[in-house]
Amino acid sequence: MSSTERKRIVVTGFGPFVGHEEINASWEAVKLLPESISCNGVDYVLEQRMVPVEYAAVDEAVEEIWQSQPEFVVHVGVSGVAKCVHVEKLAYNHQFRRPDNAGKFLESGTCSLPQHGRANVLRCGLDVDTIVKVVNTICKNCVTASDSDKPQNATIASKNVGSFLCGYIYLKSLDMDCNKCLFVHVPPIDKPFSTNQTADILYRIIEQCIQQISPFERQ
């Protein structure tokens, strides 16, 4: 494939919601990503999309995103308790009873998935541990404060995507293709990373995702 051919990666962030009414750190970081990325001689367009914190909006966004046949999808959300960027390994299909911005929720707490029915858990097919290890090495110097004696890891692997819209959008996308999607939780702005630092970590995560999906693309 020539370097002039450009494939597409979709990166989503969420809008404001209760507890993050003024600003959502996920969308602020996603907005700072460049419009394209080159890796292994292939150019990828990075398409950024903000998703409202509503179940119906997530359903619509996931359907539209995957119908457009992207090469990869990265969903990003904010976690008020995260101290670094959490790279999520899986999503659970239960307890979606917290009302969204429209006051809606799933009465049963679960949803029926087109590909996996009412499977309780879906797992990401990527090697998340390797992504975390490589990104922490790359970002070692850019995320540690100069006056800190303790190194700050950029990322950790996580199995706690949650039971709100973050977990819901990940579950929906994993059902579409577990080998071509990932969910990432970012901490609130400046706790501890600036938006620029968080965006750089996201960029490095996307690079590592491309490294893992590239062999499949060439088959």
# chains A, B, ... in the order shown; residues from 1 in each chain; ligands from 1

$ closest_atom_pairs --of "segment 54-148 of chain A" --to "segment 177-193 of chain A" --cutoff "8 Å" --atoms "only C-alpha atoms" --output "Markdown table"
| residue | atom | partner | partner_atom | distance |
| --- | --- | --- | --- | --- |
| A:Glu71 | CA | A:Lys180 | CA | 7.0 |
| A:Phe72 | CA | A:Lys180 | CA | 4.9 |
| A:Val73 | CA | A:Cys181 | CA | 4.6 |
| A:Val74 | CA | A:Leu182 | CA | 5.0 |
| A:His75 | CA | A:Phe183 | CA | 4.7 |
| A:Val76 | CA | A:Val184 | CA | 4.8 |
| A:Gly77 | CA | A:His185 | CA | 4.9 |
| A:Val78 | CA | A:Val186 | CA | 4.9 |
| A:Ser79 | CA | A:Pro187 | CA | 5.4 |
| A:Gly80 | CA | A:Pro188 | CA | 6.1 |
| A:Val81 | CA | A:Pro187 | CA | 7.0 |
| A:Ala82 | CA | A:Pro187 | CA | 4.9 |
| A:Lys83 | CA | A:Pro187 | CA | 5.9 |
| A:Cys84 | CA | A:Pro187 | CA | 5.9 |
| A:Val85 | CA | A:Val186 | CA | 4.7 |
| A:His86 | CA | A:His185 | CA | 4.9 |
| A:Val87 | CA | A:Val184 | CA | 4.7 |
| A:Glu88 | CA | A:Phe183 | CA | 5.5 |
| A:Lys89 | CA | A:Leu182 | CA | 7.9 |
| A:Leu122 | CA | A:Cys178 | CA | 7.8 |
| A:Arg123 | CA | A:Cys178 | CA | 6.8 |
| A:Cys124 | CA | A:Cys178 | CA | 5.1 |
| A:Gly125 | CA | A:Asn179 | CA | 4.5 |
| A:Leu126 | CA | A:Asn179 | CA | 6.0 |
| A:Val143 | CA | A:Phe193 | CA | 6.9 |

$ residues_around --residues "Val58 of chain A" --least-positions-apart "6" --cutoff "9 Å" --atoms "only C-alpha atoms" --output "number ranges by chain"
A: 51-52, 165, 168-169, 172

$ write_last_selection --atoms "all heavy atoms" --output "mmCIF file, in the first residue's frame"
data_model
loop_
_atom_site.group_PDB
_atom_site.id
_atom_site.type_symbol
_atom_site.label_atom_id
_atom_site.label_comp_id
_atom_site.auth_asym_id
_atom_site.auth_seq_id
_atom_site.Cartn_x
_atom_site.Cartn_y
_atom_site.Cartn_z
ATOM 1 N N VAL A 51 -19.567 12.624 21.698
ATOM 2 C CA VAL A 51 -20.798 11.867 21.918
ATOM 3 C C VAL A 51 -21.493 12.398 23.167
ATOM 4 O O VAL A 51 -20.886 12.444 24.242
ATOM 5 C CB VAL A 51 -20.502 10.365 22.081
ATOM 6 C CG1 VAL A 51 -21.794 9.587 22.295
ATOM 7 C CG2 VAL A 51 -19.747 9.824 20.870
ATOM 8 N N PRO A 52 -22.769 12.801 23.068
ATOM 9 C CA PRO A 52 -23.514 13.216 24.263
ATOM 10 C C PRO A 52 -23.647 12.063 25.248
ATOM 11 O O PRO A 52 -23.656 10.889 24.861
ATOM 12 C CB PRO A 52 -24.888 13.619 23.706
ATOM 13 C CG PRO A 52 -24.633 13.944 22.261
ATOM 14 C CD PRO A 52 -23.552 12.999 21.831
ATOM 15 N N LEU A 165 -22.096 5.345 30.820
ATOM 16 C CA LEU A 165 -21.974 5.440 29.366
ATOM 17 C C LEU A 165 -20.607 5.007 28.852
ATOM 18 O O LEU A 165 -20.489 4.541 27.710
ATOM 19 C CB LEU A 165 -22.289 6.864 28.902
ATOM 20 C CG LEU A 165 -23.775 7.173 28.629
ATOM 21 C CD1 LEU A 165 -24.325 6.272 27.524
ATOM 22 C CD2 LEU A 165 -24.631 7.038 29.861
ATOM 23 N N TYR A 168 -20.916 1.382 28.545
ATOM 24 C CA TYR A 168 -21.931 1.071 27.539
ATOM 25 C C TYR A 168 -21.389 1.221 26.117
ATOM 26 O O TYR A 168 -21.584 0.347 25.268
ATOM 27 C CB TYR A 168 -23.132 1.991 27.743
ATOM 28 C CG TYR A 168 -24.327 1.653 26.882
ATOM 29 C CD1 TYR A 168 -25.069 0.503 27.099
ATOM 30 C CD2 TYR A 168 -24.726 2.512 25.853
ATOM 31 C CE1 TYR A 168 -26.180 0.202 26.320
ATOM 32 C CE2 TYR A 168 -25.830 2.221 25.067
ATOM 33 C CZ TYR A 168 -26.552 1.055 25.309
ATOM 34 O OH TYR A 168 -27.643 0.759 24.530
ATOM 35 N N ILE A 169 -20.680 2.315 25.844
ATOM 36 C CA ILE A 169 -20.163 2.525 24.491
ATOM 37 C C ILE A 169 -19.072 1.496 24.176
ATOM 38 O O ILE A 169 -18.964 1.022 23.034
ATOM 39 C CB ILE A 169 -19.647 3.966 24.306
ATOM 40 C CG1 ILE A 169 -19.542 4.297 22.810
ATOM 41 C CG2 ILE A 169 -18.305 4.190 25.008
ATOM 42 C CD1 ILE A 169 -19.274 5.780 22.532
ATOM 43 N N LYS A 172 -20.782 -1.833 23.360
ATOM 44 C CA LYS A 172 -21.392 -1.785 22.033
ATOM 45 C C LYS A 172 -20.343 -1.926 20.925
ATOM 46 O O LYS A 172 -20.572 -2.601 19.912
ATOM 47 C CB LYS A 172 -22.152 -0.466 21.866
ATOM 48 C CG LYS A 172 -23.440 -0.373 22.677
ATOM 49 C CD LYS A 172 -24.550 -1.144 21.980
ATOM 50 C CE LYS A 172 -25.888 -0.923 22.636
ATOM 51 N NZ LYS A 172 -27.013 -1.432 21.844
#

$ atom_distance --atom1 "atom CA of Lys104 of chain A" --atom2 "atom CA of Glu60 of chain A"
14.9 Å

$ residues_around --residues "Ala199 of chain A" --least-positions-apart "5" --cutoff "8 Å" --atoms "only C-alpha atoms" --output "PyMOL selection string"
chain A and resi 29-30+32-33

$ write_last_selection --atoms "N, CA and C atoms" --output "compact mmCIF listing (two decimals), in the first residue's frame"
# COMPACT_ATOMS: atom_id res chain seq x y z
N ALA A 29 -9.19 16.51 25.40
CA ALA A 29 -7.97 15.87 24.92
C ALA A 29 -8.13 15.37 23.49
N VAL A 30 -9.28 14.79 23.18
CA VAL A 30 -9.52 14.28 21.83
C VAL A 30 -9.44 15.41 20.81
N LEU A 32 -7.56 17.88 20.75
CA LEU A 32 -6.18 18.30 20.49
C LEU A 32 -5.40 17.31 19.64
N LEU A 33 -5.98 16.16 19.35
CA LEU A 33 -5.28 15.20 18.50
C LEU A 33 -5.12 15.77 17.09

$ residues_around --residues "Tyr170 of chain A" --least-positions-apart "4" --cutoff "7 Å" --atoms "only C-alpha atoms" --output "list in words"
Ala91, Cys166, Leu174 and Phe183 of chain A
